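Peer 1: One structure, as structure tokens, below. Some questions next.
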Amino acid sequence: MYNTKEEAIKAAYGDNYEKYKDDIDFNGYTSLSEDLLGFDFLAEDVEYFDFESSNKWRPAILSGIENNNGWRKITNQKSLPKPNCEEDIWLLSREGGISIASSALLKHADIAAYWIANNIAWQPVSKPELPIYQL
């Protein structure tokens with residue numbers, strides 16, 4: 001995990017980042033020729049690239065960088081989910097572990113303080129889609 005969005009983009013482009021950073025947007029997309037950056041769309045698997053359009057692409061490792069894969073930073077009480085809902089959430093600890101908890105627990109001030117002190121991010125647990133047909 002990188003400390004900043006820019007660090008993640010820089011790592012994805014490697015040695016070419018400094019030279020071409022003005023041609024790479026804030027979500028890691030570029031319209032520069034892939035061979036100029038040392039990539040070859042034909043020789044490498046297309047799964048290594050994420051195409052926004054026919055002329056804008058980025059390394060696939062940057063997919064989800066727009067919203068940090070849905071993670072929301074915990075900095076204070078206001079950055080936590082609302083305690084009045086019964087939503088289950090994922091918590092990312094300062095040590096890098098992931099756990100699941102109910103946001104209803106945030107009604108207790110001591111639990112909210114503990115989460116702020118020991119976790120760096122949260123995201124809602126997505127409710128799965130129902131099947132389209134009988135299994």
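Residues are named by chain letter and number: chains run A, B, ... in the order of the structure tokens, numbers start at 1 in each chain, and ligands are numbered from 1 in the order shown.
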Contacts of Ala109 of chain A at 12 Å or less, counting only C-alpha atoms, minus same-chain residues fewer than 4 places along, as a list in words?
Peer 2: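 Contacts, in chain order: Gln77, Leu80, Pro83, Ala104, Leu105, Ala113, Tyr114, Trp115 and Ile116 of chain A.
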Peer 1: May I have the selected residues written with N, CA, C and O atoms, as a compact mmCIF listing (two decimals), in the first residue's frame?
Peer 2:
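Contents of part-v2.txt, freshly written:
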```txt
# COMPACT_ATOMS: atom_id res chain seq x y z
N GLN A 77 -14.31 11.71 14.38
CA GLN A 77 -15.68 11.23 14.56
C GLN A 77 -16.52 11.44 13.30
O GLN A 77 -17.30 10.56 12.91
N LEU A 80 -16.33 8.80 10.39
CA LEU A 80 -16.87 7.45 10.60
C LEU A 80 -18.26 7.34 9.97
O LEU A 80 -18.93 8.35 9.75
N PRO A 83 -23.80 6.34 12.98
CA PRO A 83 -24.11 5.29 13.96
C PRO A 83 -25.58 4.90 13.99
O PRO A 83 -25.94 3.91 14.59
N ALA A 104 -23.65 0.19 13.90
CA ALA A 104 -24.53 0.48 15.04
C ALA A 104 -23.73 0.56 16.34
O ALA A 104 -24.13 1.24 17.29
N LEU A 105 -22.56 -0.09 16.39
CA LEU A 105 -21.71 -0.03 17.58
C LEU A 105 -21.19 1.38 17.85
O LEU A 105 -20.76 1.69 18.96
N ALA A 113 -14.13 6.01 19.66
CA ALA A 113 -12.77 6.47 19.96
C ALA A 113 -11.75 5.36 19.67
O ALA A 113 -10.67 5.63 19.12
N TYR A 114 -12.10 4.12 19.98
CA TYR A 114 -11.22 2.99 19.71
C TYR A 114 -11.01 2.83 18.20
O TYR A 114 -9.90 2.62 17.74
N TRP A 115 -12.10 2.93 17.44
CA TRP A 115 -11.98 2.79 15.98
C TRP A 115 -11.10 3.88 15.40
O TRP A 115 -10.28 3.63 14.52
N ILE A 116 -11.25 5.10 15.87
CA ILE A 116 -10.43 6.21 15.37
C ILE A 116 -8.96 5.97 15.69
O ILE A 116 -8.09 6.21 14.86
```
Peer 1: DSSP on the backbone, then: every residue of chain A marked strand (DSSP E or B), written as a ChimeraX atom specification.
Peer 2: /A:24,30,49-53,56-59,72-73,88-93,98-102,119-124
Peer 1: For the residues in that selection, give me C-alpha atoms as a PDB file, in the first residue's frame.
Peer 2:
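The file below, again-v3.pdb, is the result:
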```
ATOM      1  CA  ILE A  24      -0.421  11.470 -16.931  1.00  0.00           C
ATOM      2  CA  THR A  30      -2.363   8.899 -20.387  1.00  0.00           C
ATOM      3  CA  PHE A  49      -3.922  -2.283 -19.103  1.00  0.00           C
ATOM      4  CA  ASP A  50      -7.095  -0.363 -18.292  1.00  0.00           C
ATOM      5  CA  PHE A  51      -8.561   1.570 -21.234  1.00  0.00           C
ATOM      6  CA  GLU A  52     -10.784   4.594 -20.620  1.00  0.00           C
ATOM      7  CA  SER A  53     -11.191   5.141 -24.368  1.00  0.00           C
ATOM      8  CA  LYS A  56      -6.526   6.837 -23.067  1.00  0.00           C
ATOM      9  CA  TRP A  57      -5.036   4.037 -21.010  1.00  0.00           C
ATOM     10  CA  ARG A  58      -3.216   3.285 -17.769  1.00  0.00           C
ATOM     11  CA  PRO A  59      -1.577   0.284 -16.119  1.00  0.00           C
ATOM     12  CA  ARG A  72     -12.944   6.040   3.252  1.00  0.00           C
ATOM     13  CA  LYS A  73     -10.251   7.506   5.480  1.00  0.00           C
ATOM     14  CA  ASP A  88     -22.002  -3.668   8.302  1.00  0.00           C
ATOM     15  CA  ILE A  89     -18.628  -2.205   7.408  1.00  0.00           C
ATOM     16  CA  TRP A  90     -15.088  -3.350   6.728  1.00  0.00           C
ATOM     17  CA  LEU A  91     -12.404  -1.785   8.918  1.00  0.00           C
ATOM     18  CA  LEU A  92      -8.748  -1.505   7.865  1.00  0.00           C
ATOM     19  CA  SER A  93      -6.496  -1.460  10.919  1.00  0.00           C
ATOM     20  CA  ILE A  98      -9.276  -6.182   7.750  1.00  0.00           C
ATOM     21  CA  SER A  99     -12.247  -6.932  10.009  1.00  0.00           C
ATOM     22  CA  ILE A 100     -16.009  -6.603   9.796  1.00  0.00           C
ATOM     23  CA  ALA A 101     -18.192  -4.731  12.277  1.00  0.00           C
ATOM     24  CA  SER A 102     -21.599  -3.134  12.612  1.00  0.00           C
ATOM     25  CA  ASN A 119      -8.172   1.962  12.201  1.00  0.00           C
ATOM     26  CA  ILE A 120      -7.242   4.010   9.155  1.00  0.00           C
ATOM     27  CA  ALA A 121     -10.184   3.391   6.813  1.00  0.00           C
ATOM     28  CA  TRP A 122     -13.622   1.855   6.399  1.00  0.00           C
ATOM     29  CA  GLN A 123     -15.995   0.858   3.635  1.00  0.00           C
ATOM     30  CA  PRO A 124     -19.534  -0.497   3.557  1.00  0.00           C
TER      31      PRO A 124
END
```
Peer 1: For Phe26 of chain A, work out the shell of residues within 12 Å, counting only C-alpha atoms and skipping chain neighbours fewer than 2 positions away, then give it as a VMD selection string.
Peer 2: chain A and resid 4 to 10 21 to 24 28 to 30 58 62 65 to 67
Peer 1: What would the file look like if the residues just selected were written as a short mmCIF file (atom, residue, chain, number, x, y, z; two decimals), in the first residue's frame with C-alpha atoms?
Peer 2:
```
data_model
loop_
_atom_site.label_atom_id
_atom_site.label_comp_id
_atom_site.auth_asym_id
_atom_site.auth_seq_id
_atom_site.Cartn_x
_atom_site.Cartn_y
_atom_site.Cartn_z
CA THR A 4 -0.43 8.78 -1.51
CA LYS A 5 -2.28 8.49 -4.80
CA GLU A 6 0.68 10.05 -6.61
CA GLU A 7 3.06 7.41 -5.17
CA ALA A 8 0.82 4.64 -6.52
CA ILE A 9 0.74 6.22 -9.98
CA LYS A 10 4.49 6.79 -9.92
CA LYS A 21 4.30 12.95 -15.42
CA ASP A 22 2.82 16.06 -17.09
CA ASP A 23 1.09 13.75 -19.61
CA ILE A 24 -0.42 11.47 -16.93
CA GLY A 28 -3.19 7.63 -13.93
CA TYR A 29 -4.53 7.79 -17.49
CA THR A 30 -2.36 8.90 -20.39
CA ARG A 58 -3.22 3.29 -17.77
CA LEU A 62 -4.38 1.58 -11.05
CA ILE A 65 -7.71 4.57 -7.82
CA GLU A 66 -10.51 7.12 -8.45
CA ASN A 67 -12.16 6.18 -5.16
#
```
Peer 1: So that I can check the secondary structure, give me every residue of chain A assigned alpha helix (DSSP H) by backbone DSSP, as a list in words.
Peer 2: Lys5, Glu6, Glu7, Ala8, Ile9, Lys10, Ala11, Ala12, Tyr13, Tyr17, Glu18, Lys19, Tyr20, Ala109, Asp110, Ile111, Ala112, Ala113, Tyr114, Trp115, Ile116, Ala117 and Asn118 of chain A
Peer 1: In Å to one decimal, how far is atom CA of Lys19 of chain A from atom CA of Asn68 of chain A?
Peer 2: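 So the answer is 25.1 Å.
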Peer 1: With distances taken over only C-alpha atoms, which residue among A:Glu87, A:Tyr13, A:Asn118, A:Ser126 lies nearest Ile61 of chain A?
Peer 2: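 Result for the nearest residue to Ile61 of chain A: A:Tyr13.
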Peer 1: Please indicate the distance in Å from atom CA of Ser103 of chain A to atom CA of Glu86 of chain A, rounded to one decimal place.
Peer 2: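 Result for atom CA of Ser103 of chain A versus atom CA of Glu86 of chain A: 6.0 Å, one decimal.
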